[in-house]
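Worksheet for the structure shown next.
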Amino acid sequence: MRPEILNPLFTDVTYLPGVGPKVAALIGKVAGPRIIDLLLTLPTGLIDRSSRPQILQAEEGQLVTLEITVEKHTPPPKGMSRIPYKVICSDQSGFITLAFFHARSDYLLKNLPQGATRLVSGKVERFSGGLQIVHPDHIVDPDNADALPLYEPVYPLTASLHSKTMRKAAQGAVERCPDLPEWLDPALVAREKWPTWPDAMRSAHHPESRLDLTGENVARQRLAYDELLSNQLALALIRQNRHRSAGRSLEGNNVLREAVRAALPFHLTTDQEKVLTEIFEDMAAATRMIRLVQGDVGSGKTVVALLALLCAIESGAQGALMAPTEILARQHYEFIAPLLAETNVSVELLTGRDKGQERQAKLSGLEKGYIDILIGTHAIFSEDVAYKDLGLIIVDEQHRFGVFQRLALQEKGVHADVLVMTATPIPRSLALTTYGDMDISQIREKPPGRKPVDTRALPLERLEDVTMAVRRAIERGEQVYWVCPMVEENADIELTAVETRFAHLQQSLGASVGLVHGKMKSAEKDAVVTAFYNKEISLLVATTVIEVGVNAPDATIMVIEHAERFGLAQLHQLRGRVGRGDRQSTCLLLYKANAKGELGETAKARLNVLRETDDGFLIAEEDLRLRGPGDFLGSAQSGFPDFRIADATKHKALLDMARDDSTLIISQDPALETGRGTALKTLLYLFTRDEAVKLLKSG
Ligand code: ADP
Ligand code: MG
């Protein structure tokens, strides 16, 4: 249960003064539905009204706060509503006019009574020789000077949400900050000179300079640290829970693994062997395995998965291999099934396409234990799928799954080991914040005999030359991929682009051109990709559906249109689709040229990275540096945690501290029972890491 002290923060924003259901809906868009969401939405800008000159010193265009005396009201002549209502004011230095269009005179007479002194704040303009402020932002009585904020924070806004409304709501939220117990190590707080959490919140919402808006500000540092700590502590609790929860030992007798190794047409690379050793050690241990295997496209993860599955089968358990798409599931099946032909291991494929009796037969085979290995899409973990004895779950192309989804998955096989595989090399900071609950293995070495792909950049205008080169390659019996970019915000444009390109290429190259895109039914997609795979088609025009997994060894050219719209890591992944056979392969990046018809600096810089290295890990680091974590995978469902205040790439030092801190905390106070432990639970609830707190009780 969430501690009561946090209740005021977890109430609806409508409890704040001035926030009705309409405003709440708007705030919901920019911050979220609850008061804590407002608190975690820090100002992004600042209006500085602290300049307080005398009237004559005020400069045109300057935002000032003036102390003036009201001299005279001049309403517009009757029927001339386009002329403003003017209020002439003065100080010792001179005069200024306050101008109001469509004004209500009773309101102005009440707020600016003749002879009264007022503080007014607004932007100074010059109008027919005199100074004026049109519609001052603030008019207050000097006795009530506090009502005029000299520094106004600026918050993210959305249509019809006024700055003032948002500011008022945020300040209301800040006033509700309870005095929370300190969860940080006092020595750390002293060393960093950090304020308490409520003070940090107050201060972060009251910036007084541009500097206060940066990540360097101590209040923001503290808040970022709290967020990172909650993330790292939650992950550490998940790790701890796994280590404590009874797993099962899957040791096997090596018989199946030896048989399949002998049937392989190649020897495993040193990295593949190393990763397998790590996996087998985990599987043999009585604790549950959760291991991530990172390896570039083509580094040979499938065979590693197969050998791990066989270890589970040798131990009398079942294994499941889940792929993100049907095409990929089928390719896995087609790779694995022949290798098992000489053994008595039974392997089946289950996708969304299995319906009725066929599906029932597979499900019952699985439940009775006749099926040893099930390969498929997420369908293999549907509600009605029951395993007799699931020992190992392998998830391919993991980056689509978040931490807690992984937890849910595990519930299918009570003690099942989990192995996740990804071709997206994850930079360290992201690996820590996202996969911190897992052990990580890397395959960095590629199987021997791969020739580096010749990577070139061309302006889009050279399309005809590219088409000619493609034609020549096809005449030599080679195959070609032609990728058009995803247009995420507008699927229709994407479709037109890819269909137009398809029609154009089909016209100039003839019938051997195929098309796959995201809007096609999976059966249609499968048919086209299979035709390419079987060399019935020479050129495959595609959106990024081909990004993961598909394997066609005779493909030698990869054309990527609008390469500027892709991230480096994505370009690298696409490039990995070619260069799998003996022939020299090429990757052509078509960029939108700049006004001079040249490649821009960015295009050149990106090309250089891709040219200089074929190491996906280095490319990923560079990609992250160039684009920031949000766009890193070009996808909202990437599963990366959405930090509200912290930025894992900019706050690297804080992240490392939080990692060490949480490891220490767990080792000293594994159940979070001490005084500080209790405060840390509050921190976890504050950042809605309730799932992690629950683990404390089940452990
Ligand atoms: P990944 O899933 O990591 O992208 P795959 O498992 O699809 O890569 O492997 C790519 C290709 O390399 C496949 O054709 C596979 O059979 C082959 N392969 C895997 N390991 C080796 C190896 N050690 N030596 C030679 N070829 C290998
Ligand atoms: Mg793969």
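Identifiers in this document derive from the order of the structure tokens: chains are assigned A, B, ..., residues are numbered from 1 separately in each chain, and ligands are numbered from 1 in order of occurrence.
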
Return as a compact mmCIF listing (two decimals) with N, CA and C atoms, in the first residue's frame every polymer residue, whether protein, DNA or RNA, with at least one atom no more than 10 Å from an atom of ligand 1; count only C-alpha atoms and all ligand atoms.
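Done, and the output landed in pocket_27.txt:
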```txt
# COMPACT_ATOMS: atom_id res chain seq x y z
N LEU A 264 25.71 -29.05 -37.81
CA LEU A 264 25.86 -27.67 -38.28
C LEU A 264 26.92 -27.59 -39.38
N PRO A 265 26.68 -26.77 -40.41
CA PRO A 265 27.67 -26.64 -41.48
C PRO A 265 28.83 -25.71 -41.11
N PHE A 266 28.90 -25.27 -39.87
CA PHE A 266 29.99 -24.36 -39.49
C PHE A 266 30.38 -24.59 -38.04
N HIS A 267 31.51 -24.03 -37.65
CA HIS A 267 31.90 -24.05 -36.24
C HIS A 267 31.44 -22.77 -35.59
N LEU A 268 31.11 -22.87 -34.33
CA LEU A 268 30.68 -21.65 -33.63
C LEU A 268 31.86 -20.72 -33.42
N THR A 269 31.58 -19.44 -33.41
CA THR A 269 32.64 -18.46 -33.14
C THR A 269 32.96 -18.47 -31.64
N THR A 270 34.11 -17.89 -31.31
CA THR A 270 34.52 -17.83 -29.90
C THR A 270 33.47 -17.11 -29.05
N ASP A 271 32.90 -16.04 -29.61
CA ASP A 271 31.89 -15.30 -28.86
C ASP A 271 30.62 -16.13 -28.66
N GLN A 272 30.22 -16.86 -29.68
CA GLN A 272 29.04 -17.72 -29.53
C GLN A 272 29.28 -18.75 -28.43
N GLU A 273 30.48 -19.34 -28.42
CA GLU A 273 30.82 -20.33 -27.39
C GLU A 273 30.80 -19.69 -26.01
N VAL A 293 20.97 -11.44 -24.52
CA VAL A 293 22.08 -11.62 -25.46
C VAL A 293 22.00 -10.51 -26.50
N GLN A 294 23.04 -9.69 -26.53
CA GLN A 294 23.11 -8.63 -27.53
C GLN A 294 24.08 -9.07 -28.60
N GLY A 295 23.66 -8.99 -29.83
CA GLY A 295 24.58 -9.33 -30.92
C GLY A 295 24.05 -8.74 -32.20
N ASP A 296 24.95 -8.14 -32.96
CA ASP A 296 24.60 -7.50 -34.21
C ASP A 296 23.82 -8.43 -35.13
N VAL A 297 23.15 -7.83 -36.10
CA VAL A 297 22.51 -8.61 -37.15
C VAL A 297 23.55 -9.55 -37.75
N GLY A 298 23.20 -10.80 -37.90
CA GLY A 298 24.11 -11.74 -38.55
C GLY A 298 25.19 -12.28 -37.65
N SER A 299 25.14 -11.97 -36.37
CA SER A 299 26.20 -12.47 -35.49
C SER A 299 25.93 -13.91 -35.07
N GLY A 300 24.79 -14.45 -35.45
CA GLY A 300 24.51 -15.86 -35.20
C GLY A 300 23.85 -16.14 -33.87
N LYS A 301 22.78 -15.42 -33.59
CA LYS A 301 22.08 -15.63 -32.32
C LYS A 301 21.14 -16.84 -32.36
N THR A 302 20.62 -17.14 -33.58
CA THR A 302 19.62 -18.21 -33.66
C THR A 302 20.18 -19.56 -33.21
N VAL A 303 21.40 -19.83 -33.63
CA VAL A 303 21.97 -21.12 -33.28
C VAL A 303 22.24 -21.19 -31.77
N VAL A 304 22.58 -20.06 -31.20
CA VAL A 304 22.76 -19.98 -29.74
C VAL A 304 21.43 -20.30 -29.06
N ALA A 305 20.35 -19.72 -29.60
CA ALA A 305 19.03 -19.97 -29.04
C ALA A 305 18.69 -21.46 -29.13
N LEU A 306 18.98 -22.04 -30.28
CA LEU A 306 18.66 -23.45 -30.47
C LEU A 306 19.38 -24.33 -29.44
N LEU A 328 9.61 -13.86 -39.27
CA LEU A 328 10.79 -14.24 -38.51
C LEU A 328 10.60 -15.56 -37.79
N GLN A 331 11.12 -18.19 -40.27
CA GLN A 331 12.53 -18.41 -40.59
C GLN A 331 13.24 -19.19 -39.49
N HIS A 332 12.92 -18.86 -38.27
CA HIS A 332 13.52 -19.61 -37.16
C HIS A 332 13.14 -21.08 -37.28
N PHE A 335 14.98 -22.80 -40.00
CA PHE A 335 16.39 -23.05 -39.67
C PHE A 335 16.50 -24.23 -38.70
N ILE A 336 15.60 -24.26 -37.73
CA ILE A 336 15.71 -25.21 -36.63
C ILE A 336 15.18 -26.61 -36.99
N ASP A 396 13.04 -13.27 -28.96
CA ASP A 396 13.94 -12.70 -29.96
C ASP A 396 13.55 -11.25 -30.21
N GLU A 397 14.52 -10.41 -30.51
CA GLU A 397 14.31 -8.98 -30.75
C GLU A 397 13.58 -8.34 -29.58
N MET A 421 16.94 -11.93 -26.71
CA MET A 421 17.98 -11.67 -27.71
C MET A 421 17.66 -10.40 -28.45
N THR A 422 18.66 -9.58 -28.67
CA THR A 422 18.41 -8.37 -29.46
C THR A 422 19.57 -8.07 -30.38
N ALA A 423 19.22 -7.58 -31.57
CA ALA A 423 20.24 -7.16 -32.53
C ALA A 423 20.49 -5.67 -32.38
N THR A 424 19.75 -5.04 -31.51
CA THR A 424 19.95 -3.61 -31.30
C THR A 424 20.95 -3.44 -30.17
N ILE A 443 27.62 -10.79 -28.15
CA ILE A 443 28.34 -11.42 -29.26
C ILE A 443 28.84 -10.28 -30.12
N GLU A 445 31.71 -10.59 -32.12
CA GLU A 445 32.43 -11.14 -33.27
C GLU A 445 31.45 -11.65 -34.32
N LYS A 446 31.75 -11.39 -35.58
CA LYS A 446 30.88 -11.90 -36.65
C LYS A 446 31.41 -13.25 -37.13
N PRO A 447 30.54 -14.12 -37.65
CA PRO A 447 31.04 -15.37 -38.24
C PRO A 447 32.05 -15.04 -39.33
N PRO A 448 33.02 -15.93 -39.54
CA PRO A 448 34.08 -15.62 -40.50
C PRO A 448 33.55 -15.53 -41.93
N GLY A 449 34.31 -14.85 -42.78
CA GLY A 449 34.00 -14.82 -44.20
C GLY A 449 33.09 -13.68 -44.61
N ARG A 450 32.70 -12.85 -43.66
CA ARG A 450 31.84 -11.72 -44.04
C ARG A 450 32.71 -10.62 -44.63
N VAL A 548 14.02 -6.43 -39.01
CA VAL A 548 14.54 -7.48 -38.14
C VAL A 548 14.54 -8.83 -38.82
N GLY A 549 15.67 -9.47 -38.73
CA GLY A 549 15.74 -10.91 -38.97
C GLY A 549 15.82 -11.48 -40.36
N VAL A 550 15.01 -11.01 -41.31
CA VAL A 550 14.90 -11.73 -42.58
C VAL A 550 16.27 -12.00 -43.21
N ASN A 551 16.45 -13.21 -43.66
CA ASN A 551 17.76 -13.65 -44.10
C ASN A 551 17.74 -14.10 -45.55
N ALA A 552 18.40 -13.36 -46.45
CA ALA A 552 18.50 -13.76 -47.85
C ALA A 552 19.96 -13.63 -48.28
N PRO A 553 20.70 -14.75 -48.33
CA PRO A 553 22.15 -14.69 -48.52
C PRO A 553 22.59 -14.13 -49.87
N GLN A 573 21.42 -1.70 -38.98
CA GLN A 573 20.65 -2.94 -39.00
C GLN A 573 20.22 -3.30 -40.40
N GLY A 576 22.92 -4.62 -42.43
CA GLY A 576 23.25 -6.00 -42.05
C GLY A 576 22.47 -7.05 -42.83
N ARG A 577 21.44 -6.63 -43.56
CA ARG A 577 20.66 -7.58 -44.37
C ARG A 577 21.45 -8.05 -45.58
N ARG A 580 25.86 -11.14 -46.69
CA ARG A 580 25.83 -12.42 -45.98
C ARG A 580 26.43 -13.55 -46.80
N GLY A 581 26.62 -13.31 -48.11
CA GLY A 581 27.19 -14.36 -48.94
C GLY A 581 28.64 -14.06 -49.29
```

Self-check item: Glu192 (chain A) surroundings by only C-alpha atoms, 12 Å radius, close-in-sequence under 2 positions cut, as a list in words
Solution: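 Near neighbours after the sequence-gap exclusion: Leu184, Asp185, Pro186, Ala187, Leu188, Val189, Ala190, Trp194, Pro195, Thr196, Glu216, Asn217, Val218, Ala219, Gln221, Arg222, Tyr225 and Leu654 of chain A.
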
Practice problem: Tell me, in Å to one decimal, how far CA of Tyr591 (chain A) is from CA of Lys451 (chain A). | Solution: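 So the two atoms, CA of Tyr591 (chain A) and CA of Lys451 (chain A), lie 24.5 Å apart.
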
Quiz item: Could you pull out all residues of region 172-331 of chain A with a DSSP call of strand (DSSP E) and give them as a ChimeraX atom specification?
Solution: /A:290-295,318-322

Please produce a file of the residues just selected, as an mmCIF file, in the first residue's frame, where the atoms kept are all heavy atoms.
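Saved the output as selection_8.cif:
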```cif
data_model
loop_
_atom_site.group_PDB
_atom_site.id
_atom_site.type_symbol
_atom_site.label_atom_id
_atom_site.label_comp_id
_atom_site.auth_asym_id
_atom_site.auth_seq_id
_atom_site.Cartn_x
_atom_site.Cartn_y
_atom_site.Cartn_z
ATOM 1 N N ILE A 290 17.692 -14.785 -16.082
ATOM 2 C CA ILE A 290 17.148 -13.755 -16.980
ATOM 3 C C ILE A 290 18.353 -13.123 -17.646
ATOM 4 O O ILE A 290 19.082 -12.349 -17.040
ATOM 5 C CB ILE A 290 16.349 -12.655 -16.261
ATOM 6 C CG1 ILE A 290 15.202 -13.253 -15.472
ATOM 7 C CG2 ILE A 290 15.805 -11.665 -17.280
ATOM 8 C CD1 ILE A 290 14.242 -12.221 -14.931
ATOM 9 N N ARG A 291 18.613 -13.521 -18.853
ATOM 10 C CA ARG A 291 19.820 -13.064 -19.523
ATOM 11 C C ARG A 291 19.477 -12.445 -20.867
ATOM 12 O O ARG A 291 18.593 -12.912 -21.574
ATOM 13 C CB ARG A 291 20.791 -14.227 -19.699
ATOM 14 C CG ARG A 291 22.120 -13.821 -20.305
ATOM 15 C CD ARG A 291 23.137 -14.954 -20.234
ATOM 16 N NE ARG A 291 23.699 -15.105 -18.894
ATOM 17 C CZ ARG A 291 24.696 -14.373 -18.401
ATOM 18 N NH1 ARG A 291 25.239 -13.417 -19.133
ATOM 19 N NH2 ARG A 291 25.146 -14.594 -17.191
ATOM 20 N N LEU A 292 20.167 -11.358 -21.160
ATOM 21 C CA LEU A 292 20.002 -10.671 -22.433
ATOM 22 C C LEU A 292 21.213 -10.966 -23.301
ATOM 23 O O LEU A 292 22.346 -10.804 -22.856
ATOM 24 C CB LEU A 292 19.908 -9.163 -22.185
ATOM 25 C CG LEU A 292 19.885 -8.262 -23.415
ATOM 26 C CD1 LEU A 292 18.580 -8.407 -24.178
ATOM 27 C CD2 LEU A 292 20.076 -6.807 -23.011
ATOM 28 N N VAL A 293 20.974 -11.436 -24.518
ATOM 29 C CA VAL A 293 22.077 -11.621 -25.460
ATOM 30 C C VAL A 293 22.001 -10.513 -26.496
ATOM 31 O O VAL A 293 21.014 -10.390 -27.216
ATOM 32 C CB VAL A 293 22.010 -12.993 -26.166
ATOM 33 C CG1 VAL A 293 23.113 -13.097 -27.213
ATOM 34 C CG2 VAL A 293 22.117 -14.116 -25.157
ATOM 35 N N GLN A 294 23.040 -9.692 -26.528
ATOM 36 C CA GLN A 294 23.114 -8.632 -27.526
ATOM 37 C C GLN A 294 24.084 -9.075 -28.600
ATOM 38 O O GLN A 294 25.203 -9.472 -28.289
ATOM 39 C CB GLN A 294 23.677 -7.360 -26.914
ATOM 40 C CG GLN A 294 22.831 -6.717 -25.857
ATOM 41 C CD GLN A 294 23.444 -5.397 -25.444
ATOM 42 O OE1 GLN A 294 24.603 -5.350 -25.052
ATOM 43 N NE2 GLN A 294 22.691 -4.332 -25.553
ATOM 44 N N GLY A 295 23.657 -8.989 -29.833
ATOM 45 C CA GLY A 295 24.578 -9.330 -30.921
ATOM 46 C C GLY A 295 24.052 -8.738 -32.201
ATOM 47 O O GLY A 295 22.863 -8.839 -32.499
ATOM 48 N N GLN A 318 10.251 -28.228 -21.601
ATOM 49 C CA GLN A 318 9.931 -27.690 -22.925
ATOM 50 C C GLN A 318 10.575 -26.317 -23.100
ATOM 51 O O GLN A 318 10.970 -25.684 -22.124
ATOM 52 C CB GLN A 318 8.412 -27.524 -23.070
ATOM 53 C CG GLN A 318 7.640 -28.822 -23.105
ATOM 54 C CD GLN A 318 6.153 -28.553 -22.959
ATOM 55 O OE1 GLN A 318 5.715 -27.990 -21.958
ATOM 56 N NE2 GLN A 318 5.372 -28.965 -23.948
ATOM 57 N N GLY A 319 10.650 -25.891 -24.359
ATOM 58 C CA GLY A 319 11.195 -24.563 -24.628
ATOM 59 C C GLY A 319 10.282 -23.795 -25.569
ATOM 60 O O GLY A 319 9.567 -24.395 -26.369
ATOM 61 N N ALA A 320 10.297 -22.471 -25.436
ATOM 62 C CA ALA A 320 9.485 -21.637 -26.320
ATOM 63 C C ALA A 320 10.360 -20.536 -26.900
ATOM 64 O O ALA A 320 11.178 -19.943 -26.200
ATOM 65 C CB ALA A 320 8.331 -21.014 -25.546
ATOM 66 N N LEU A 321 10.197 -20.286 -28.202
ATOM 67 C CA LEU A 321 10.970 -19.234 -28.867
ATOM 68 C C LEU A 321 9.996 -18.260 -29.514
ATOM 69 O O LEU A 321 9.221 -18.626 -30.391
ATOM 70 C CB LEU A 321 11.894 -19.855 -29.928
ATOM 71 C CG LEU A 321 12.637 -18.913 -30.877
ATOM 72 C CD1 LEU A 321 13.463 -17.879 -30.123
ATOM 73 C CD2 LEU A 321 13.544 -19.703 -31.819
ATOM 74 N N MET A 322 10.018 -17.037 -29.028
ATOM 75 C CA MET A 322 9.062 -16.052 -29.517
ATOM 76 C C MET A 322 9.753 -15.013 -30.388
ATOM 77 O O MET A 322 10.744 -14.407 -29.996
ATOM 78 C CB MET A 322 8.414 -15.366 -28.321
ATOM 79 C CG MET A 322 7.501 -14.251 -28.697
ATOM 80 S SD MET A 322 6.474 -13.832 -27.309
ATOM 81 C CE MET A 322 7.145 -12.303 -26.821
#
```

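CA of Lys123 (chain A) lies 7.8 Å from CA of Glu60 (chain A).
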
Quiz prompt | Test item: residues at most 9 Å from region 130-139 of chain A, only C-alpha atoms, excluding those fewer than 2 positions along its chain, as JSON, numbers by chain | solution = {"A": [55, 56, 58, 60, 65, 95, 96, 97, 98, 99, 100, 101, 111, 112, 118, 119, 120, 121, 122, 123, 124, 125, 126, 127, 128, 141, 147, 148, 149]}

Quiz item: Mind checking DSSP for region 430-481 of chain A and telling me the helix (DSSP H, G or I) residues as a list in words?
Solution: Leu430, Ala431, Leu432, Thr433, Thr434, Tyr435, Leu460, Glu461, Arg462, Leu463, Glu464, Asp465, Val466, Thr467, Met468, Ala469, Val470, Arg471, Arg472, Ala473, Ile474 and Glu475 of chain A

Take the residues from that selection and write them out as a PDB file, in the first residue's frame, keeping N, CA, C and O atoms.
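What ended up in part_0.pdb:
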```pdb
ATOM      1  N   LEU A 430      21.641   3.209 -21.379  1.00  0.00           N
ATOM      2  CA  LEU A 430      20.304   2.685 -21.581  1.00  0.00           C
ATOM      3  C   LEU A 430      20.198   1.252 -21.094  1.00  0.00           C
ATOM      4  O   LEU A 430      19.170   0.831 -20.574  1.00  0.00           O
ATOM      5  N   ALA A 431      21.282   0.496 -21.257  1.00  0.00           N
ATOM      6  CA  ALA A 431      21.267  -0.876 -20.771  1.00  0.00           C
ATOM      7  C   ALA A 431      21.050  -0.879 -19.266  1.00  0.00           C
ATOM      8  O   ALA A 431      20.287  -1.673 -18.728  1.00  0.00           O
ATOM      9  N   LEU A 432      21.696   0.063 -18.574  1.00  0.00           N
ATOM     10  CA  LEU A 432      21.577   0.118 -17.112  1.00  0.00           C
ATOM     11  C   LEU A 432      20.166   0.467 -16.680  1.00  0.00           C
ATOM     12  O   LEU A 432      19.622  -0.125 -15.752  1.00  0.00           O
ATOM     13  N   THR A 433      19.564   1.456 -17.339  1.00  0.00           N
ATOM     14  CA  THR A 433      18.255   1.903 -16.878  1.00  0.00           C
ATOM     15  C   THR A 433      17.142   0.975 -17.332  1.00  0.00           C
ATOM     16  O   THR A 433      16.081   0.933 -16.737  1.00  0.00           O
ATOM     17  N   THR A 434      17.370   0.245 -18.421  1.00  0.00           N
ATOM     18  CA  THR A 434      16.298  -0.562 -18.974  1.00  0.00           C
ATOM     19  C   THR A 434      16.456  -2.039 -18.667  1.00  0.00           C
ATOM     20  O   THR A 434      15.515  -2.720 -18.329  1.00  0.00           O
ATOM     21  N   TYR A 435      17.678  -2.502 -18.791  1.00  0.00           N
ATOM     22  CA  TYR A 435      17.912  -3.927 -18.622  1.00  0.00           C
ATOM     23  C   TYR A 435      18.691  -4.220 -17.343  1.00  0.00           C
ATOM     24  O   TYR A 435      19.319  -5.263 -17.225  1.00  0.00           O
ATOM     25  N   LEU A 460      19.321  12.076 -53.513  1.00  0.00           N
ATOM     26  CA  LEU A 460      18.149  11.398 -54.080  1.00  0.00           C
ATOM     27  C   LEU A 460      18.015  11.618 -55.579  1.00  0.00           C
ATOM     28  O   LEU A 460      17.443  10.798 -56.285  1.00  0.00           O
ATOM     29  N   GLU A 461      18.585  12.748 -56.051  1.00  0.00           N
ATOM     30  CA  GLU A 461      18.496  13.061 -57.479  1.00  0.00           C
ATOM     31  C   GLU A 461      19.152  11.993 -58.354  1.00  0.00           C
ATOM     32  O   GLU A 461      18.871  11.881 -59.531  1.00  0.00           O
ATOM     33  N   ARG A 462      20.042  11.212 -57.740  1.00  0.00           N
ATOM     34  CA  ARG A 462      20.750  10.217 -58.559  1.00  0.00           C
ATOM     35  C   ARG A 462      19.958   8.926 -58.694  1.00  0.00           C
ATOM     36  O   ARG A 462      20.505   7.867 -59.030  1.00  0.00           O
ATOM     37  N   LEU A 463      18.677   8.986 -58.430  1.00  0.00           N
ATOM     38  CA  LEU A 463      17.813   7.824 -58.438  1.00  0.00           C
ATOM     39  C   LEU A 463      17.951   6.987 -59.705  1.00  0.00           C
ATOM     40  O   LEU A 463      18.020   5.764 -59.649  1.00  0.00           O
ATOM     41  N   GLU A 464      18.027   7.672 -60.866  1.00  0.00           N
ATOM     42  CA  GLU A 464      18.086   6.920 -62.122  1.00  0.00           C
ATOM     43  C   GLU A 464      19.376   6.109 -62.217  1.00  0.00           C
ATOM     44  O   GLU A 464      19.361   4.955 -62.634  1.00  0.00           O
ATOM     45  N   ASP A 465      20.494   6.716 -61.785  1.00  0.00           N
ATOM     46  CA  ASP A 465      21.767   5.983 -61.795  1.00  0.00           C
ATOM     47  C   ASP A 465      21.669   4.752 -60.907  1.00  0.00           C
ATOM     48  O   ASP A 465      22.159   3.684 -61.243  1.00  0.00           O
ATOM     49  N   VAL A 466      21.030   4.960 -59.752  1.00  0.00           N
ATOM     50  CA  VAL A 466      20.897   3.850 -58.810  1.00  0.00           C
ATOM     51  C   VAL A 466      20.064   2.741 -59.439  1.00  0.00           C
ATOM     52  O   VAL A 466      20.416   1.558 -59.363  1.00  0.00           O
ATOM     53  N   THR A 467      18.982   3.144 -60.101  1.00  0.00           N
ATOM     54  CA  THR A 467      18.127   2.150 -60.743  1.00  0.00           C
ATOM     55  C   THR A 467      18.916   1.337 -61.779  1.00  0.00           C
ATOM     56  O   THR A 467      18.774   0.118 -61.873  1.00  0.00           O
ATOM     57  N   MET A 468      19.796   2.030 -62.528  1.00  0.00           N
ATOM     58  CA  MET A 468      20.631   1.333 -63.517  1.00  0.00           C
ATOM     59  C   MET A 468      21.547   0.319 -62.843  1.00  0.00           C
ATOM     60  O   MET A 468      21.690  -0.814 -63.308  1.00  0.00           O
ATOM     61  N   ALA A 469      22.170   0.740 -61.756  1.00  0.00           N
ATOM     62  CA  ALA A 469      23.087  -0.151 -61.049  1.00  0.00           C
ATOM     63  C   ALA A 469      22.330  -1.372 -60.532  1.00  0.00           C
ATOM     64  O   ALA A 469      22.822  -2.509 -60.603  1.00  0.00           O
ATOM     65  N   VAL A 470      21.123  -1.127 -60.055  1.00  0.00           N
ATOM     66  CA  VAL A 470      20.292  -2.216 -59.561  1.00  0.00           C
ATOM     67  C   VAL A 470      19.976  -3.188 -60.699  1.00  0.00           C
ATOM     68  O   VAL A 470      20.049  -4.400 -60.548  1.00  0.00           O
ATOM     69  N   ARG A 471      19.656  -2.606 -61.860  1.00  0.00           N
ATOM     70  CA  ARG A 471      19.339  -3.466 -63.004  1.00  0.00           C
ATOM     71  C   ARG A 471      20.526  -4.388 -63.345  1.00  0.00           C
ATOM     72  O   ARG A 471      20.366  -5.587 -63.550  1.00  0.00           O
ATOM     73  N   ARG A 472      21.737  -3.793 -63.365  1.00  0.00           N
ATOM     74  CA  ARG A 472      22.914  -4.603 -63.694  1.00  0.00           C
ATOM     75  C   ARG A 472      23.110  -5.728 -62.681  1.00  0.00           C
ATOM     76  O   ARG A 472      23.418  -6.850 -63.044  1.00  0.00           O
ATOM     77  N   ALA A 473      22.907  -5.409 -61.408  1.00  0.00           N
ATOM     78  CA  ALA A 473      23.087  -6.431 -60.367  1.00  0.00           C
ATOM     79  C   ALA A 473      22.091  -7.568 -60.559  1.00  0.00           C
ATOM     80  O   ALA A 473      22.445  -8.744 -60.458  1.00  0.00           O
ATOM     81  N   ILE A 474      20.850  -7.195 -60.877  1.00  0.00           N
ATOM     82  CA  ILE A 474      19.821  -8.220 -61.066  1.00  0.00           C
ATOM     83  C   ILE A 474      20.176  -9.100 -62.263  1.00  0.00           C
ATOM     84  O   ILE A 474      20.024 -10.318 -62.225  1.00  0.00           O
ATOM     85  N   GLU A 475      20.737  -8.462 -63.306  1.00  0.00           N
ATOM     86  CA  GLU A 475      21.138  -9.245 -64.481  1.00  0.00           C
ATOM     87  C   GLU A 475      22.256 -10.235 -64.140  1.00  0.00           C
ATOM     88  O   GLU A 475      22.371 -11.277 -64.756  1.00  0.00           O
TER      89      GLU A 475
END
```

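Residues in contact with region 684-696 of chain A at up to 8 Å, not including ones fewer than 6 positions away on its chain and judged by only C-alpha atoms, are Arg2, Pro3, Leu6, Ile36, Glu227, Ser230, Asn231, Leu233, Ala234, Leu235, Leu237, Ile238, Asn241, Ala671 and Leu672 of chain A.
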